[in-house]
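To keep things clear, I will list the structure first and then write my remarks on it.
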Amino acid sequence: MLSFLELESQYYDYNQSKFVVVPVPYEKTTTYGKGTKHGPAAILDASQRVENFDEELKVETYKKAGIHTLKSSSIKSLQLIVSGLLNDNKIPIILGGEHSISPFAVKACAEKYTDLSVLSFDAHADLRDEYEGRKDNHACALRRILEISPAVQVGVRSLSQGEYLFAKKIGQLEKIHWANKEIEAEKINRQLSNNVFIDIDVDVFDPSIIPSTGTPEPGGMLWYKIVDILAQVCKTKNVVGVSVTELAPIKGIHAPDFTIAKLIYKIMGYISS
Ligand SMILES: [Mn+2]
């Protein structure tokens with residue numbers, strides 16, 4: 001498998017790298033459109049074409065930070081791998097695969113950082129306790145994360161009545177930033193602790209720019225709004241890990257793959273600037 005970005009070897013050496021990309025091509029419980037197991041390869045492939053100079057920050061992020069890419073990981077070994085990376089003072093960047101991988105990365109981060117909170121971008125609330133008989137279904141990802149750490153949810157526009165009542169009962173509604181309302185980064189920052197894990201389900205984007213996802217929802221967020229929130233959070237908080245899940249590439253439509261690769265490089269830029 002390729003490395004993230006097309007870099008000269010000194011910039012992807014493990015010891016010199018701040019960021020370590022962990023591909024997790026796991027797909028077991030997707031319920032509608034399939035293909036997220038091809039997400040990591042598509043993101044790495046598209047990253048070869050991402051401009052190494054960040055046009056907004058005016059830096060070549062990879063020269064400041066270094067980006068190492070691991071071989072693909074299974075969901076079973078993900079928690080251990082992330083723990084190891086944190087102990088080596090790396091920032092893990094996990095590429096899904098389906099959203100159910102995220103709780104394992106969050107768990108590893110919560111063991112190291114006791115005040116961890118999660119910033120989740122997702123069209124769906126993902127607060128079901130179980131779905132189709134499984135607690136590890138991708139529709140339950142945020143419910144599993146909330147068992148580990150508090151979370152702020154951004155871009156939500158789909159949930160069941162049961163999820164709504166659950167969120168209301170536990171006081172989560174105030175931490176849900178609905179896609180159809182004005183979303184303020186300052187309010188999000190106020191709700192997060194200092195150490196933050198960023199969890200992005202790519203279906204938070206509008207399907208007009210990211211059609212390549214299993215459970216698309218209309219009325220999604222657009223590029224500048226999402227990167228603006230990420231910029232402000234990365235400036236204010238200590239981001240300890242990132243996961244990007246649910247890209248299900250469509251053959252012949254490469255704009256979504258490229259958009260997600262660029263988004264990841266942008267987050268690296270915001271964290272290291
Ligand atoms: Mn989703």
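Identifiers in the structure tokens: chain A, B, ... in order shown; residue index from 1 per chain; ligand index from 1 in order shown.
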Which polymer residues have any atom within 12 Å of an atom of Lys63 (chain A), counting only C-alpha atoms, with same-chain residues fewer than 5 positions away left out, as number ranges by chain?
A: 5, 7-13, 16-19, 52-54, 268-269, 272-273
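Residues of protein or nucleic acid lying within 9 Å of ligand 1, counting only C-alpha atoms and all ligand atoms, are His99, Phe121, Asp122, Ala123, His124, Ala125, Asp126, His138, Ala139, Val156, Ser158, Ile200, Asp201, Val202, Asp203, Val204, Thr213, Gly214, Thr215, Pro216, Glu217, Thr245 and Glu246 of chain A.
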Saved selection, atoms kept: N, CA and C atoms, as a PDB file, in the first residue's frame:
ATOM      1  N   HIS A  99     -17.295   3.134  10.572  1.00  0.00           N
ATOM      2  CA  HIS A  99     -17.193   3.992  11.749  1.00  0.00           C
ATOM      3  C   HIS A  99     -16.975   3.199  13.040  1.00  0.00           C
ATOM      4  N   PHE A 121     -17.833  14.492  13.823  1.00  0.00           N
ATOM      5  CA  PHE A 121     -18.535  15.028  12.659  1.00  0.00           C
ATOM      6  C   PHE A 121     -19.264  13.857  12.011  1.00  0.00           C
ATOM      7  N   ASP A 122     -20.574  13.938  11.910  1.00  0.00           N
ATOM      8  CA  ASP A 122     -21.339  12.802  11.384  1.00  0.00           C
ATOM      9  C   ASP A 122     -22.752  13.269  11.046  1.00  0.00           C
ATOM     10  N   ALA A 123     -23.278  12.825   9.927  1.00  0.00           N
ATOM     11  CA  ALA A 123     -24.674  13.117   9.579  1.00  0.00           C
ATOM     12  C   ALA A 123     -25.626  12.431  10.540  1.00  0.00           C
ATOM     13  N   HIS A 124     -25.160  11.303  11.095  1.00  0.00           N
ATOM     14  CA  HIS A 124     -26.027  10.461  11.932  1.00  0.00           C
ATOM     15  C   HIS A 124     -25.625  10.595  13.395  1.00  0.00           C
ATOM     16  N   ALA A 125     -26.603  10.478  14.285  1.00  0.00           N
ATOM     17  CA  ALA A 125     -26.288  10.568  15.710  1.00  0.00           C
ATOM     18  C   ALA A 125     -25.520   9.330  16.177  1.00  0.00           C
ATOM     19  N   ASP A 126     -25.750   8.188  15.553  1.00  0.00           N
ATOM     20  CA  ASP A 126     -25.052   6.936  15.909  1.00  0.00           C
ATOM     21  C   ASP A 126     -25.151   6.618  17.401  1.00  0.00           C
ATOM     22  N   HIS A 138     -21.958  -0.130  12.938  1.00  0.00           N
ATOM     23  CA  HIS A 138     -21.463   1.244  12.724  1.00  0.00           C
ATOM     24  C   HIS A 138     -22.500   2.301  13.097  1.00  0.00           C
ATOM     25  N   ALA A 139     -23.767   1.904  13.205  1.00  0.00           N
ATOM     26  CA  ALA A 139     -24.812   2.841  13.632  1.00  0.00           C
ATOM     27  C   ALA A 139     -24.787   3.097  15.143  1.00  0.00           C
ATOM     28  N   VAL A 156     -25.191  16.772  12.598  1.00  0.00           N
ATOM     29  CA  VAL A 156     -26.206  15.712  12.678  1.00  0.00           C
ATOM     30  C   VAL A 156     -27.492  16.140  11.967  1.00  0.00           C
ATOM     31  N   SER A 158     -29.826  13.165  11.115  1.00  0.00           N
ATOM     32  CA  SER A 158     -30.584  11.919  11.030  1.00  0.00           C
ATOM     33  C   SER A 158     -30.427  11.132  12.320  1.00  0.00           C
ATOM     34  N   ILE A 200     -14.155  11.855  12.341  1.00  0.00           N
ATOM     35  CA  ILE A 200     -14.914  12.342  11.179  1.00  0.00           C
ATOM     36  C   ILE A 200     -15.499  11.177  10.389  1.00  0.00           C
ATOM     37  N   ASP A 201     -16.836  11.113  10.364  1.00  0.00           N
ATOM     38  CA  ASP A 201     -17.537  10.241   9.420  1.00  0.00           C
ATOM     39  C   ASP A 201     -17.790  11.122   8.200  1.00  0.00           C
ATOM     40  N   VAL A 202     -17.254  10.715   7.037  1.00  0.00           N
ATOM     41  CA  VAL A 202     -17.282  11.624   5.882  1.00  0.00           C
ATOM     42  C   VAL A 202     -18.693  11.938   5.394  1.00  0.00           C
ATOM     43  N   ASP A 203     -19.709  11.194   5.885  1.00  0.00           N
ATOM     44  CA  ASP A 203     -21.069  11.536   5.465  1.00  0.00           C
ATOM     45  C   ASP A 203     -21.571  12.826   6.108  1.00  0.00           C
ATOM     46  N   VAL A 204     -20.751  13.452   6.965  1.00  0.00           N
ATOM     47  CA  VAL A 204     -21.100  14.777   7.482  1.00  0.00           C
ATOM     48  C   VAL A 204     -21.136  15.792   6.342  1.00  0.00           C
ATOM     49  N   THR A 213     -20.222   7.405  -0.013  1.00  0.00           N
ATOM     50  CA  THR A 213     -20.380   6.951   1.368  1.00  0.00           C
ATOM     51  C   THR A 213     -21.632   6.086   1.455  1.00  0.00           C
ATOM     52  N   GLY A 214     -21.645   5.134   2.390  1.00  0.00           N
ATOM     53  CA  GLY A 214     -22.682   4.116   2.408  1.00  0.00           C
ATOM     54  C   GLY A 214     -24.070   4.602   2.753  1.00  0.00           C
ATOM     55  N   THR A 215     -24.154   5.585   3.668  1.00  0.00           N
ATOM     56  CA  THR A 215     -25.459   6.072   4.115  1.00  0.00           C
ATOM     57  C   THR A 215     -25.523   7.590   3.984  1.00  0.00           C
ATOM     58  N   PRO A 216     -25.663   8.079   2.745  1.00  0.00           N
ATOM     59  CA  PRO A 216     -25.665   9.527   2.499  1.00  0.00           C
ATOM     60  C   PRO A 216     -26.930  10.187   3.046  1.00  0.00           C
ATOM     61  N   GLU A 217     -26.812  11.429   3.457  1.00  0.00           N
ATOM     62  CA  GLU A 217     -27.949  12.209   3.973  1.00  0.00           C
ATOM     63  C   GLU A 217     -27.919  13.587   3.325  1.00  0.00           C
ATOM     64  N   THR A 245     -13.607   8.104   8.678  1.00  0.00           N
ATOM     65  CA  THR A 245     -14.224   6.819   8.335  1.00  0.00           C
ATOM     66  C   THR A 245     -15.321   6.976   7.281  1.00  0.00           C
ATOM     67  N   GLU A 246     -15.747   5.829   6.760  1.00  0.00           N
ATOM     68  CA  GLU A 246     -16.956   5.686   5.923  1.00  0.00           C
ATOM     69  C   GLU A 246     -16.825   6.216   4.501  1.00  0.00           C
TER      70      GLU A 246
END
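Counting only C-alpha atoms, Gly241 (chain A) has the following residues at most 6 Å away, ignoring those fewer than 4 positions along the same chain: Ile91, Pro92 and Phe197 of chain A.
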Those same residues - N, CA and C atoms - I'd like them written as an mmCIF file, in the first residue's frame.
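Output contents, as saved in result-v6.cif:
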data_model
loop_
_atom_site.group_PDB
_atom_site.id
_atom_site.type_symbol
_atom_site.label_atom_id
_atom_site.label_comp_id
_atom_site.auth_asym_id
_atom_site.auth_seq_id
_atom_site.Cartn_x
_atom_site.Cartn_y
_atom_site.Cartn_z
ATOM 1 N N ILE A 91 0.944 11.328 16.747
ATOM 2 C CA ILE A 91 -0.485 11.595 16.600
ATOM 3 C C ILE A 91 -1.028 10.607 15.562
ATOM 4 N N PRO A 92 -1.822 9.621 16.008
ATOM 5 C CA PRO A 92 -2.373 8.638 15.066
ATOM 6 C C PRO A 92 -3.474 9.251 14.200
ATOM 7 N N PHE A 197 -9.995 14.162 20.701
ATOM 8 C CA PHE A 197 -9.911 13.219 19.594
ATOM 9 C C PHE A 197 -10.923 13.666 18.547
#
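Once Lys181 (chain A) and its same-chain neighbours fewer than 3 positions away are set aside, Val154, Gly155, Val156, Arg157, Ile176, His177, Trp178, Glu184, Gly219, Gly220 and Met221 of chain A remain within 12 Å of it when counting only C-alpha atoms.
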Dump all heavy atoms for the selected residues as a CSV table (one decimal), in the first residue's frame?
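What follows is the written file selection.csv:
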chain,number,residue,atom,x,y,z
A,154,VAL,N,-21.3,17.2,15.6
A,154,VAL,CA,-21.5,18.3,14.7
A,154,VAL,C,-22.0,17.7,13.3
A,154,VAL,O,-21.5,16.7,12.8
A,154,VAL,CB,-20.1,19.0,14.4
A,154,VAL,CG1,-20.2,20.0,13.3
A,154,VAL,CG2,-19.6,19.6,15.7
A,155,GLY,N,-23.0,18.4,12.8
A,155,GLY,CA,-23.5,18.1,11.5
A,155,GLY,C,-24.6,17.1,11.4
A,155,GLY,O,-25.0,16.6,10.3
A,156,VAL,N,-25.2,16.8,12.6
A,156,VAL,CA,-26.2,15.7,12.7
A,156,VAL,C,-27.5,16.1,12.0
A,156,VAL,O,-27.9,17.3,12.1
A,156,VAL,CB,-26.5,15.4,14.2
A,156,VAL,CG1,-27.6,14.3,14.3
A,156,VAL,CG2,-25.2,14.9,14.9
A,157,ARG,N,-28.1,15.2,11.2
A,157,ARG,CA,-29.3,15.5,10.5
A,157,ARG,C,-30.1,14.2,10.3
A,157,ARG,O,-31.0,14.1,9.5
A,157,ARG,CB,-29.1,16.2,9.2
A,157,ARG,CG,-28.1,15.5,8.3
A,157,ARG,CD,-27.6,16.5,7.2
A,157,ARG,NE,-26.8,15.8,6.2
A,157,ARG,CZ,-25.5,15.6,6.3
A,157,ARG,NH1,-24.8,16.0,7.4
A,157,ARG,NH2,-24.8,15.0,5.4
A,176,ILE,N,-25.3,18.5,20.6
A,176,ILE,CA,-25.5,18.1,19.2
A,176,ILE,C,-25.7,19.4,18.4
A,176,ILE,O,-26.6,20.2,18.7
A,176,ILE,CB,-26.8,17.2,19.1
A,176,ILE,CG1,-26.5,15.9,19.7
A,176,ILE,CG2,-27.1,17.0,17.6
A,176,ILE,CD1,-27.7,14.9,19.6
A,177,HIS,N,-24.8,19.6,17.5
A,177,HIS,CA,-24.9,20.8,16.6
A,177,HIS,C,-25.5,20.4,15.3
A,177,HIS,O,-24.8,19.8,14.5
A,177,HIS,CB,-23.5,21.4,16.5
A,177,HIS,CG,-22.9,21.9,17.8
A,177,HIS,ND1,-22.8,23.2,18.2
A,177,HIS,CD2,-22.4,21.1,18.8
A,177,HIS,CE1,-22.2,23.2,19.4
A,177,HIS,NE2,-22.0,22.0,19.8
A,178,TRP,N,-26.8,20.7,15.1
A,178,TRP,CA,-27.5,20.3,14.0
A,178,TRP,C,-27.0,20.9,12.7
A,178,TRP,O,-26.7,22.1,12.7
A,178,TRP,CB,-29.0,20.5,14.2
A,178,TRP,CG,-29.6,19.9,15.5
A,178,TRP,CD1,-29.7,20.6,16.7
A,178,TRP,CD2,-30.0,18.6,15.7
A,178,TRP,NE1,-30.2,19.7,17.6
A,178,TRP,CE2,-30.4,18.5,17.0
A,178,TRP,CE3,-30.1,17.5,14.9
A,178,TRP,CZ2,-30.9,17.3,17.6
A,178,TRP,CZ3,-30.5,16.3,15.4
A,178,TRP,CH2,-30.9,16.2,16.8
A,184,GLU,N,-21.4,27.2,15.6
A,184,GLU,CA,-20.4,28.1,16.1
A,184,GLU,C,-19.2,27.4,16.7
A,184,GLU,O,-19.4,26.6,17.6
A,184,GLU,CB,-20.9,29.1,17.1
A,184,GLU,CG,-22.0,30.0,16.6
A,184,GLU,CD,-22.7,30.7,17.8
A,184,GLU,OE1,-22.1,31.1,18.8
A,184,GLU,OE2,-24.0,30.8,17.7
A,219,GLY,N,-28.5,17.7,2.9
A,219,GLY,CA,-28.4,18.8,3.8
A,219,GLY,C,-27.2,18.8,4.6
A,219,GLY,O,-27.1,19.3,5.7
A,220,GLY,N,-26.1,18.3,4.0
A,220,GLY,CA,-24.8,18.2,4.7
A,220,GLY,C,-24.0,19.5,4.7
A,220,GLY,O,-24.4,20.5,4.1
A,221,MET,N,-22.9,19.4,5.4
A,221,MET,CA,-22.0,20.6,5.5
A,221,MET,C,-21.0,20.6,4.3
A,221,MET,O,-20.8,19.6,3.6
A,221,MET,CB,-21.2,20.4,6.8
A,221,MET,CG,-22.1,20.5,8.0
A,221,MET,SD,-21.2,20.2,9.6
A,221,MET,CE,-20.2,21.7,9.7
Give me, as a compact mmCIF listing (two decimals) with N, CA, C and O atoms, in the first residue's frame, all polymer residues having an atom no more than 8 Å from Arg128 (chain A), counting only C-alpha atoms and skipping those fewer than 5 positions away in the same chain.
# COMPACT_ATOMS: atom_id res chain seq x y z
N ALA A 139 -23.77 1.90 13.20
CA ALA A 139 -24.81 2.84 13.63
C ALA A 139 -24.79 3.10 15.14
O ALA A 139 -25.57 3.89 15.66
N CYS A 140 -23.88 2.42 15.85
CA CYS A 140 -23.78 2.55 17.31
C CYS A 140 -22.48 3.22 17.74
O CYS A 140 -22.15 3.24 18.94
N ARG A 143 -22.56 5.90 20.50
CA ARG A 143 -23.03 5.31 21.76
C ARG A 143 -21.86 4.61 22.47
O ARG A 143 -21.67 4.76 23.67
N GLY A 162 -35.77 6.88 19.29
CA GLY A 162 -35.08 6.31 20.46
C GLY A 162 -33.76 7.02 20.73
O GLY A 162 -33.41 7.29 21.89
N GLU A 163 -33.04 7.32 19.68
CA GLU A 163 -31.76 8.04 19.86
C GLU A 163 -32.01 9.44 20.40
O GLU A 163 -31.28 9.93 21.25
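Within region 149-244 of chain A, the backbone-based DSSP assignment of strand (DSSP E) covers Ala151, Val152, Gln153, Val154, Gly155, Val156, Ile176, His177, Trp178, Asn195, Val196, Phe197, Ile198, Asp199, Ile200, Asp201, Asn238, Val239, Val240, Gly241, Val242, Ser243 and Val244 of chain A.
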Test item: residues at most 9 Å from region 68-79 of chain A, only C-alpha atoms, excluding those fewer than 2 positions along its chain, as a PyMOL selection string
chain A and resi 1-4+11-26+40+66+81-84+100-101+103-109
So that I can check the surroundings of Val50 (chain A), please list as a VMD selection string every protein, DNA and RNA residue that reaches within 8 Å of it, counting only C-alpha atoms and ignoring chain neighbours fewer than 4 positions away.
chain A and resid 5 46 258 261 to 262
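Closest approach to Glu51 (chain A) among A:Leu263, A:Tyr270, A:Thr114, A:Lys28 is made by A:Leu263 (distances from only C-alpha atoms).
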Tell me which of A:Glu132, A:Glu111, A:Glu27, A:Glu174 sits closest to Ile188 (chain A), counting only C-alpha atoms.
A:Glu174
